[in-house]
Amino acid sequence: MHDLQAGVEAMRAATAVVLEASRCAWSLSDGEARDVVEAFTRAMASAEAARLAVIKVLDERPEAVPGASEGKVAAAFLTGRLNVDPGRANADARAAHALDADSGSLPQVGAALAAGEIDLLCISPERLN
């Protein structure tokens, strides 16, 4: 199994534990609740950066999704296989390319996302074109 696949499986297992523990979130103090929300938000941003990196790789493989137009491979997969809204799928593919550390137009923004310093939704769609 590839390290990336193993990491995703570990995330899924950890998410199941966290989901179960969230049932007693009512017992957190105010400060603990704030800390957990912050930790979640930062971890989700980092996970999103990793997801976008793989979306970029997929998008650069024209044969990966039969029938997909070149440059639309990832969006076709996201909509066809994962039922992602087409607008969101296209935006994710654009973000994947724009935020890439090596070839993107916004590598510093990508680094901030990976570090959990920002959320993907705070990036203006116009900047991703």
# chains A, B, ... in the order shown; residues from 1 in each chain; ligands from 1

call {"tool": "select_by_dssp", "arguments": {"residues": "chain A", "states": "alpha helix (DSSP H)", "output": "MDAnalysis selection string"}}
result
chainID A and resid 3:21 30:59 73:82 86:98 107:114

call {"tool": "residues_around", "arguments": {"residues": "A:Asp100", "least_positions_apart": "4", "cutoff": "7 Å", "atoms": "only C-alpha atoms", "output": "list in words"}}
result
Ala53, Ala96, Gly104, Pro107 and Gly110 of chain A

call {"tool": "write_last_selection", "arguments": {"atoms": "N, CA and C atoms", "output": "PDB file, in the first residue's frame"}}
result
ATOM      1  N   ALA A  53      -3.499  18.441  -3.642  1.00  0.00           N
ATOM      2  CA  ALA A  53      -2.267  17.975  -4.290  1.00  0.00           C
ATOM      3  C   ALA A  53      -2.536  16.717  -5.116  1.00  0.00           C
ATOM      4  N   ALA A  96      -6.292  23.321  -7.080  1.00  0.00           N
ATOM      5  CA  ALA A  96      -5.199  22.347  -7.032  1.00  0.00           C
ATOM      6  C   ALA A  96      -4.011  22.807  -7.856  1.00  0.00           C
ATOM      7  N   GLY A 104       2.377  26.311  -9.252  1.00  0.00           N
ATOM      8  CA  GLY A 104       1.183  27.124  -9.092  1.00  0.00           C
ATOM      9  C   GLY A 104       1.450  28.614  -9.083  1.00  0.00           C
ATOM     10  N   PRO A 107       1.705  29.744  -4.724  1.00  0.00           N
ATOM     11  CA  PRO A 107       2.314  28.742  -3.843  1.00  0.00           C
ATOM     12  C   PRO A 107       2.337  29.146  -2.370  1.00  0.00           C
ATOM     13  N   GLY A 110      -0.944  28.274  -0.976  1.00  0.00           N
ATOM     14  CA  GLY A 110      -0.981  26.827  -0.787  1.00  0.00           C
ATOM     15  C   GLY A 110      -0.245  26.398   0.464  1.00  0.00           C
TER      16      GLY A 110
END

call {"tool": "residues_around", "arguments": {"residues": "A:Val36", "least_positions_apart": "6", "cutoff": "12 Å", "atoms": "only C-alpha atoms", "output": "PyMOL selection string"}}
result
chain A and resi 18+21-22+25+28-30+42-44

call {"tool": "write_last_selection", "arguments": {"atoms": "C-alpha atoms", "output": "compact mmCIF listing (two decimals), in the first residue's frame"}}
result
# COMPACT_ATOMS: atom_id res chain seq x y z
CA VAL A 18 -13.23 11.62 16.88
CA ALA A 21 -15.92 11.24 21.03
CA SER A 22 -17.84 14.24 19.68
CA ALA A 25 -18.50 17.32 23.37
CA LEU A 28 -15.91 20.36 27.18
CA SER A 29 -15.24 23.63 28.92
CA ASP A 30 -15.62 26.81 26.86
CA ARG A 42 -6.52 23.75 11.08
CA ALA A 43 -6.39 19.97 10.56
CA MET A 44 -9.13 20.13 7.93

call {"tool": "closest_residue", "arguments": {"among": "A:Glu38, A:Asp59, A:Glu117, A:Glu70", "to": "A:Ala89", "atoms": "only C-alpha atoms"}}
result
A:Asp59
